[in-house]
file final.pdb (PDB, C-alpha atoms)
ATOM      1  CA  MET A   1     -74.095 -81.300 -76.688  1.00  0.00           C
ATOM      2  CA  ALA A   2     -73.402 -80.093 -73.158  1.00  0.00           C
ATOM      3  CA  ILE A   3     -76.040 -81.170 -70.632  1.00  0.00           C
ATOM      4  CA  GLU A   4     -76.288 -79.794 -67.129  1.00  0.00           C
ATOM      5  CA  LEU A   5     -78.529 -82.035 -65.013  1.00  0.00           C
ATOM      6  CA  TYR A   6     -79.958 -80.660 -61.764  1.00  0.00           C
ATOM      7  CA  GLY A   7     -81.612 -82.673 -59.035  1.00  0.00           C
ATOM      8  CA  ILE A   8     -81.212 -84.766 -55.908  1.00  0.00           C
ATOM      9  CA  PRO A   9     -79.295 -88.040 -56.297  1.00  0.00           C
ATOM     10  CA  ASN A  10     -81.671 -90.189 -54.225  1.00  0.00           C
ATOM     11  CA  CYS A  11     -84.775 -89.044 -56.168  1.00  0.00           C
ATOM     12  CA  ASP A  12     -86.208 -91.977 -58.137  1.00  0.00           C
ATOM     13  CA  THR A  13     -86.948 -89.827 -61.194  1.00  0.00           C
ATOM     14  CA  VAL A  14     -83.412 -88.427 -61.189  1.00  0.00           C
ATOM     15  CA  LYS A  15     -82.076 -91.977 -60.921  1.00  0.00           C
ATOM     16  CA  LYS A  16     -84.163 -93.002 -63.956  1.00  0.00           C
ATOM     17  CA  ALA A  17     -82.953 -89.996 -65.934  1.00  0.00           C
ATOM     18  CA  ARG A  18     -79.294 -90.612 -65.095  1.00  0.00           C
ATOM     19  CA  LYS A  19     -79.628 -94.311 -65.928  1.00  0.00           C
ATOM     20  CA  TRP A  20     -81.234 -93.380 -69.264  1.00  0.00           C
ATOM     21  CA  LEU A  21     -78.490 -90.838 -70.074  1.00  0.00           C
ATOM     22  CA  ASP A  22     -75.779 -93.370 -69.202  1.00  0.00           C
ATOM     23  CA  ALA A  23     -77.453 -96.165 -71.207  1.00  0.00           C
ATOM     24  CA  ASN A  24     -77.696 -93.894 -74.248  1.00  0.00           C
ATOM     25  CA  GLY A  25     -74.139 -92.595 -73.968  1.00  0.00           C
ATOM     26  CA  VAL A  26     -75.233 -89.020 -73.322  1.00  0.00           C
ATOM     27  CA  ALA A  27     -72.620 -87.075 -71.347  1.00  0.00           C
ATOM     28  CA  TYR A  28     -73.794 -84.741 -68.609  1.00  0.00           C
ATOM     29  CA  VAL A  29     -72.649 -82.883 -65.538  1.00  0.00           C
ATOM     30  CA  PHE A  30     -74.774 -83.466 -62.418  1.00  0.00           C
ATOM     31  CA  HIS A  31     -75.547 -80.702 -59.921  1.00  0.00           C
ATOM     32  CA  ASP A  32     -76.886 -81.832 -56.549  1.00  0.00           C
ATOM     33  CA  TYR A  33     -79.321 -79.282 -55.084  1.00  0.00           C
ATOM     34  CA  LYS A  34     -78.739 -80.569 -51.568  1.00  0.00           C
ATOM     35  CA  LYS A  35     -74.983 -80.005 -51.713  1.00  0.00           C
ATOM     36  CA  GLU A  36     -74.684 -77.115 -54.162  1.00  0.00           C
ATOM     37  CA  GLY A  37     -77.971 -75.294 -53.628  1.00  0.00           C
ATOM     38  CA  ALA A  38     -80.029 -73.770 -56.406  1.00  0.00           C
ATOM     39  CA  ASP A  39     -78.592 -70.887 -58.407  1.00  0.00           C
ATOM     40  CA  PRO A  40     -81.021 -67.920 -58.236  1.00  0.00           C
ATOM     41  CA  ALA A  41     -80.365 -66.860 -61.844  1.00  0.00           C
ATOM     42  CA  LYS A  42     -80.974 -70.388 -63.123  1.00  0.00           C
ATOM     43  CA  VAL A  43     -84.187 -70.826 -61.136  1.00  0.00           C
ATOM     44  CA  ALA A  44     -85.468 -67.503 -62.472  1.00  0.00           C
ATOM     45  CA  ALA A  45     -84.532 -68.550 -66.029  1.00  0.00           C
ATOM     46  CA  TRP A  46     -86.295 -71.926 -65.636  1.00  0.00           C
ATOM     47  CA  ILE A  47     -89.457 -70.213 -64.431  1.00  0.00           C
ATOM     48  CA  ALA A  48     -89.265 -67.668 -67.252  1.00  0.00           C
ATOM     49  CA  ASP A  49     -88.804 -70.436 -69.836  1.00  0.00           C
ATOM     50  CA  GLN A  50     -91.095 -73.180 -68.512  1.00  0.00           C
ATOM     51  CA  GLY A  51     -93.506 -71.339 -66.242  1.00  0.00           C
ATOM     52  CA  LYS A  52     -93.764 -71.502 -62.472  1.00  0.00           C
ATOM     53  CA  ASP A  53     -96.197 -74.402 -62.478  1.00  0.00           C
ATOM     54  CA  ALA A  54     -93.825 -76.556 -64.529  1.00  0.00           C
ATOM     55  CA  VAL A  55     -90.912 -75.925 -62.157  1.00  0.00           C
ATOM     56  CA  LEU A  56     -92.643 -75.952 -58.755  1.00  0.00           C
ATOM     57  CA  ASN A  57     -93.308 -79.389 -57.255  1.00  0.00           C
ATOM     58  CA  ARG A  58     -96.498 -79.009 -55.217  1.00  0.00           C
ATOM     59  CA  ARG A  59     -96.843 -82.749 -54.553  1.00  0.00           C
ATOM     60  CA  GLY A  60     -93.795 -83.143 -52.337  1.00  0.00           C
ATOM     61  CA  THR A  61     -93.580 -83.111 -48.574  1.00  0.00           C
ATOM     62  CA  THR A  62     -91.594 -79.877 -48.510  1.00  0.00           C
ATOM     63  CA  PHE A  63     -94.380 -77.926 -50.216  1.00  0.00           C
ATOM     64  CA  ARG A  64     -97.081 -79.474 -48.050  1.00  0.00           C
ATOM     65  CA  LYS A  65     -95.187 -78.440 -44.908  1.00  0.00           C
ATOM     66  CA  LEU A  66     -95.031 -74.768 -45.913  1.00  0.00           C
ATOM     67  CA  SER A  67     -97.077 -72.228 -44.001  1.00  0.00           C
ATOM     68  CA  ASP A  68    -100.175 -70.822 -45.685  1.00  0.00           C
ATOM     69  CA  ALA A  69     -98.307 -67.544 -46.200  1.00  0.00           C
ATOM     70  CA  GLU A  70     -95.435 -69.336 -47.946  1.00  0.00           C
ATOM     71  CA  LYS A  71     -97.869 -71.263 -50.144  1.00  0.00           C
ATOM     72  CA  ALA A  72     -99.469 -67.947 -51.066  1.00  0.00           C
ATOM     73  CA  ASP A  73     -96.010 -66.687 -52.063  1.00  0.00           C
ATOM     74  CA  ALA A  74     -95.649 -69.738 -54.315  1.00  0.00           C
ATOM     75  CA  ASP A  75     -98.884 -68.706 -55.988  1.00  0.00           C
ATOM     76  CA  ASP A  76     -97.544 -65.211 -56.605  1.00  0.00           C
ATOM     77  CA  ASP A  77     -98.794 -64.260 -60.069  1.00  0.00           C
ATOM     78  CA  ALA A  78     -96.429 -61.363 -60.638  1.00  0.00           C
ATOM     79  CA  ASP A  79     -94.794 -61.382 -64.049  1.00  0.00           C
ATOM     80  CA  ASN A  80     -91.361 -62.160 -62.634  1.00  0.00           C
ATOM     81  CA  HIS A  81     -92.562 -64.726 -60.064  1.00  0.00           C
ATOM     82  CA  ALA A  82     -89.903 -63.419 -57.659  1.00  0.00           C
ATOM     83  CA  LYS A  83     -91.551 -64.810 -54.518  1.00  0.00           C
ATOM     84  CA  ALA A  84     -91.955 -68.285 -55.998  1.00  0.00           C
ATOM     85  CA  ALA A  85     -88.343 -68.249 -57.204  1.00  0.00           C
ATOM     86  CA  ALA A  86     -87.157 -67.188 -53.740  1.00  0.00           C
ATOM     87  CA  LEU A  87     -89.029 -70.121 -52.174  1.00  0.00           C
ATOM     88  CA  LEU A  88     -87.474 -72.548 -54.651  1.00  0.00           C
ATOM     89  CA  ILE A  89     -84.012 -71.222 -53.873  1.00  0.00           C
ATOM     90  CA  GLN A  90     -84.675 -71.535 -50.141  1.00  0.00           C
ATOM     91  CA  HIS A  91     -86.205 -75.030 -50.574  1.00  0.00           C
ATOM     92  CA  PRO A  92     -84.566 -76.605 -53.654  1.00  0.00           C
ATOM     93  CA  SER A  93     -86.337 -79.905 -53.034  1.00  0.00           C
ATOM     94  CA  MET A  94     -89.510 -78.144 -54.263  1.00  0.00           C
ATOM     95  CA  ILE A  95     -88.032 -77.880 -57.755  1.00  0.00           C
ATOM     96  CA  LYS A  96     -89.433 -80.579 -60.040  1.00  0.00           C
ATOM     97  CA  ARG A  97     -86.748 -83.068 -60.914  1.00  0.00           C
ATOM     98  CA  PRO A  98     -84.694 -83.404 -62.844  1.00  0.00           C
ATOM     99  CA  VAL A  99     -84.019 -80.202 -64.738  1.00  0.00           C
ATOM    100  CA  ALA A 100     -81.841 -80.670 -67.804  1.00  0.00           C
ATOM    101  CA  GLU A 101     -80.286 -77.649 -69.479  1.00  0.00           C
ATOM    102  CA  HIS A 102     -78.943 -78.299 -72.956  1.00  0.00           C
ATOM    103  CA  ASP A 103     -78.091 -76.411 -76.127  1.00  0.00           C
ATOM    104  CA  GLY A 104     -81.694 -76.767 -77.324  1.00  0.00           C
ATOM    105  CA  GLY A 105     -83.373 -75.530 -74.158  1.00  0.00           C
ATOM    106  CA  ILE A 106     -84.601 -76.842 -70.824  1.00  0.00           C
ATOM    107  CA  LEU A 107     -86.429 -80.026 -69.890  1.00  0.00           C
ATOM    108  CA  VAL A 108     -88.207 -80.345 -66.545  1.00  0.00           C
ATOM    109  CA  GLY A 109     -89.014 -83.841 -65.341  1.00  0.00           C
ATOM    110  CA  PHE A 110     -88.150 -87.080 -67.106  1.00  0.00           C
ATOM    111  CA  LYS A 111     -90.125 -88.522 -69.989  1.00  0.00           C
ATOM    112  CA  GLU A 112     -88.187 -90.950 -72.143  1.00  0.00           C
ATOM    113  CA  GLU A 113     -89.893 -89.864 -75.392  1.00  0.00           C
ATOM    114  CA  THR A 114     -89.139 -86.201 -74.785  1.00  0.00           C
ATOM    115  CA  TRP A 115     -85.556 -86.867 -73.787  1.00  0.00           C
ATOM    116  CA  SER A 116     -85.026 -89.144 -76.812  1.00  0.00           C
ATOM    117  CA  ALA A 117     -86.227 -86.376 -79.119  1.00  0.00           C
ATOM    118  CA  ALA A 118     -83.963 -83.829 -77.429  1.00  0.00           C
ATOM    119  CA  PHE A 119     -80.771 -85.852 -76.957  1.00  0.00           C
ATOM    120  CA  LEU A 120     -80.653 -88.653 -79.554  1.00  0.00           C
TER
END

call {"tool": "encode", "arguments": {"input": "final.pdb", "output": "C-alpha coordinates"}}
result
Amino acid sequence: MAIELYGIPNCDTVKKARKWLDANGVAYVFHDYKKEGADPAKVAAWIADQGKDAVLNRRGTTFRKLSDAEKADADDDADNHAKAAALLIQHPSMIKRPVAEHDGGILVGFKEETWSAAFL
(Lines of atoms letter the chains of each structure in order from A and count residues from 1; the text may use other names and numbers.)
(Lines give C-alpha, C1' and ligand atoms only; values in the text may rest on other atoms or scores of the structure.)
Protein backbone atom coordinates (compact mmCIF):
# COMPACT_ATOMS: atom_id res chain seq x y z
CA MET A 1 0.00 0.00 0.00
CA ALA A 2 1.47 3.34 -1.05
CA ILE A 3 0.88 6.13 1.47
CA GLU A 4 1.52 9.78 0.76
CA LEU A 5 1.59 11.74 4.03
CA TYR A 6 1.18 15.52 3.91
CA GLY A 7 1.88 17.92 6.74
CA ILE A 8 4.41 20.03 8.60
CA PRO A 9 7.23 18.14 10.35
CA ASN A 10 7.13 20.12 13.60
CA CYS A 11 3.35 19.65 14.06
CA ASP A 12 2.70 17.46 17.11
CA THR A 13 -0.10 15.54 15.38
CA VAL A 14 2.10 14.86 12.36
CA LYS A 15 4.85 13.66 14.70
CA LYS A 16 2.39 11.26 16.37
CA ALA A 17 1.21 9.96 13.00
CA ARG A 18 4.74 9.42 11.70
CA LYS A 19 5.77 7.70 14.94
CA TRP A 20 2.71 5.43 14.67
CA LEU A 21 3.44 4.59 11.01
CA ASP A 22 7.08 3.82 11.83
CA ALA A 23 6.15 1.70 14.88
CA ASN A 24 3.70 -0.32 12.79
CA GLY A 25 6.08 -0.79 9.87
CA VAL A 26 3.89 1.17 7.46
CA ALA A 27 5.93 2.72 4.64
CA TYR A 28 5.09 6.24 3.53
CA VAL A 29 6.44 9.21 1.64
CA PHE A 30 6.29 12.52 3.54
CA HIS A 31 5.48 15.82 1.83
CA ASP A 32 6.30 18.96 3.80
CA TYR A 33 3.83 21.78 3.04
CA LYS A 34 6.31 24.41 4.16
CA LYS A 35 8.99 23.29 1.72
CA GLU A 36 6.95 21.81 -1.12
CA GLY A 37 3.74 23.83 -0.91
CA ALA A 38 0.28 22.39 -1.40
CA ASP A 39 -0.67 20.97 -4.78
CA PRO A 40 -3.85 22.73 -6.02
CA ALA A 41 -5.28 19.56 -7.60
CA LYS A 42 -4.73 17.57 -4.41
CA VAL A 43 -6.28 20.23 -2.18
CA ALA A 44 -9.32 20.37 -4.46
CA ALA A 45 -9.57 16.56 -4.39
CA TRP A 46 -9.32 16.48 -0.57
CA ILE A 47 -12.10 19.04 -0.27
CA ALA A 48 -14.24 17.16 -2.80
CA ASP A 49 -13.71 13.88 -0.93
CA GLN A 50 -13.78 14.99 2.71
CA GLY A 51 -15.58 18.32 2.62
CA LYS A 52 -14.16 21.77 3.25
CA ASP A 53 -14.82 21.67 6.97
CA ALA A 54 -12.82 18.46 7.38
CA VAL A 55 -9.80 19.90 5.55
CA LEU A 56 -9.77 23.51 6.79
CA ASN A 57 -8.16 24.08 10.20
CA ARG A 58 -10.04 27.02 11.73
CA ARG A 59 -8.38 26.64 15.14
CA GLY A 60 -4.87 27.60 14.10
CA THR A 61 -3.16 30.96 14.32
CA THR A 62 -2.98 31.34 10.55
CA PHE A 63 -6.77 31.21 10.18
CA ARG A 64 -7.34 33.56 13.10
CA LYS A 65 -5.00 36.12 11.53
CA LEU A 66 -6.91 36.23 8.24
CA SER A 67 -8.88 39.32 7.33
CA ASP A 68 -12.66 39.16 7.58
CA ALA A 69 -12.84 39.06 3.78
CA GLU A 70 -10.47 36.08 3.65
CA LYS A 71 -12.47 34.28 6.34
CA ALA A 72 -15.59 34.89 4.27
CA ASP A 73 -13.80 33.29 1.31
CA ALA A 74 -13.09 30.25 3.50
CA ASP A 75 -16.81 30.03 4.15
CA ASP A 76 -17.54 30.07 0.42
CA ASP A 77 -20.38 27.59 -0.06
CA ALA A 78 -20.01 27.18 -3.80
CA ASP A 79 -20.11 23.58 -4.96
CA ASN A 80 -16.44 23.58 -5.95
CA HIS A 81 -15.21 25.54 -2.90
CA ALA A 82 -12.68 27.28 -5.17
CA LYS A 83 -12.08 30.23 -2.84
CA ALA A 84 -11.48 28.01 0.18
CA ALA A 85 -9.11 25.82 -1.84
CA ALA A 86 -7.21 28.90 -3.03
CA LEU A 87 -6.76 30.05 0.58
CA LEU A 88 -5.47 26.62 1.60
CA ILE A 89 -2.97 26.65 -1.25
CA GLN A 90 -1.83 30.14 -0.29
CA HIS A 91 -1.68 29.21 3.43
CA PRO A 92 -0.95 25.46 3.63
CA SER A 93 -0.64 25.61 7.41
CA MET A 94 -4.46 25.98 7.45
CA ILE A 95 -4.83 22.44 6.13
CA LYS A 96 -5.69 20.02 8.93
CA ARG A 97 -2.81 17.68 9.57
CA PRO A 98 -1.82 15.20 8.60
CA VAL A 99 -3.48 14.20 5.35
CA ALA A 100 -2.80 10.62 4.33
CA GLU A 101 -3.58 9.49 0.80
CA HIS A 102 -3.66 5.74 0.32
CA ASP A 103 -5.12 3.15 -2.02
CA GLY A 104 -8.32 3.07 0.04
CA GLY A 105 -8.91 6.82 0.16
CA ILE A 106 -7.93 9.84 2.23
CA LEU A 107 -7.60 10.32 5.97
CA VAL A 108 -7.50 13.81 7.48
CA GLY A 109 -6.10 14.14 10.98
CA PHE A 110 -4.70 11.34 13.12
CA LYS A 111 -6.83 8.92 15.10
CA GLU A 112 -5.09 5.67 15.95
CA GLU A 113 -8.27 3.56 15.61
CA THR A 114 -9.04 4.94 12.16
CA TRP A 115 -5.48 4.55 10.96
CA SER A 116 -5.29 0.98 12.33
CA ALA A 117 -8.42 0.06 10.39
CA ALA A 118 -7.05 1.63 7.21
CA PHE A 119 -3.42 0.49 7.31
CA LEU A 120 -3.15 -2.71 9.38

call {"tool": "residues_near_point", "arguments": {"input": "final.pdb", "point": "(-84.9, -77.6, -51.3)", "cutoff": "10 Å", "atoms": "all atoms listed in the file", "output": "number ranges by chain"}}
result
A: 7-8, 33-34, 37-38, 62-63, 87-95

call {"tool": "atom_distance", "arguments": {"input": "final.pdb", "atom1": "CA of Gln50 in chain A", "atom2": "CA of Arg18 in chain A"}}
result
21.3 Å

call {"tool": "atom_distance", "arguments": {"input": "final.pdb", "atom1": "CA of Ile47 in chain A", "atom2": "CA of Ala82 in chain A"}}
result
9.6 Å

call {"tool": "closest_residue", "arguments": {"input": "final.pdb", "among": "A:Arg64, A:Trp46, A:Ala2, A:Asp73", "to": "Val26 in chain A", "atoms": "only C-alpha atoms"}}
result
A:Ala2

call {"tool": "resolve_selection", "arguments": {"input": "final.pdb", "expression": "the PyMOL selection byres ((chain A and resi 109) around 6)", "output": "VMD selection string"}}
result
chain A and resid 97 to 98 108 110

call {"tool": "closest_residue", "arguments": {"input": "final.pdb", "among": "A:Gly51, A:Lys19, A:Thr61, A:Ala85", "to": "Leu107 in chain A", "atoms": "all atoms listed in the file"}}
result
A:Gly51

call {"tool": "resolve_selection", "arguments": {"input": "final.pdb", "expression": "the PyMOL selection byres ((chain A and resi 21) around 12)", "output": "PyMOL selection string"}}
result
chain A and resi 3-5+14-20+22-30+100+110-112+115-116+118-120

call {"tool": "atom_distance", "arguments": {"input": "final.pdb", "atom1": "CA of Asn57 in chain A", "atom2": "CA of Asp103 in chain A"}}
result
24.4 Å

call {"tool": "closest_residue", "arguments": {"input": "final.pdb", "among": "A:Pro9, A:Arg59, A:Ala117, A:Leu66", "to": "Lys35 in chain A", "atoms": "all atoms listed in the file"}}
result
A:Pro9

call {"tool": "axis_aligned_box", "arguments": {"input": "final.pdb", "around": "range 25-41 of chain A", "padding_each_side": "4 Å", "output": "lines of an AutoDock Vina configuration file"}}
result
center_x = -76.8
center_y = -79.7
center_z = -62.8
size_x = 16.4
size_y = 33.7
size_z = 30.4

call {"tool": "closest_residue", "arguments": {"input": "final.pdb", "among": "A:Ala72, A:Thr114, A:Gly105, A:His81", "to": "Val43 in chain A", "atoms": "only C-alpha atoms"}}
result
A:His81

call {"tool": "closest_residue", "arguments": {"input": "final.pdb", "among": "A:Lys96, A:Tyr6, A:Glu113, A:His102", "to": "Gly60 in chain A", "atoms": "only C-alpha atoms"}}
result
A:Lys96
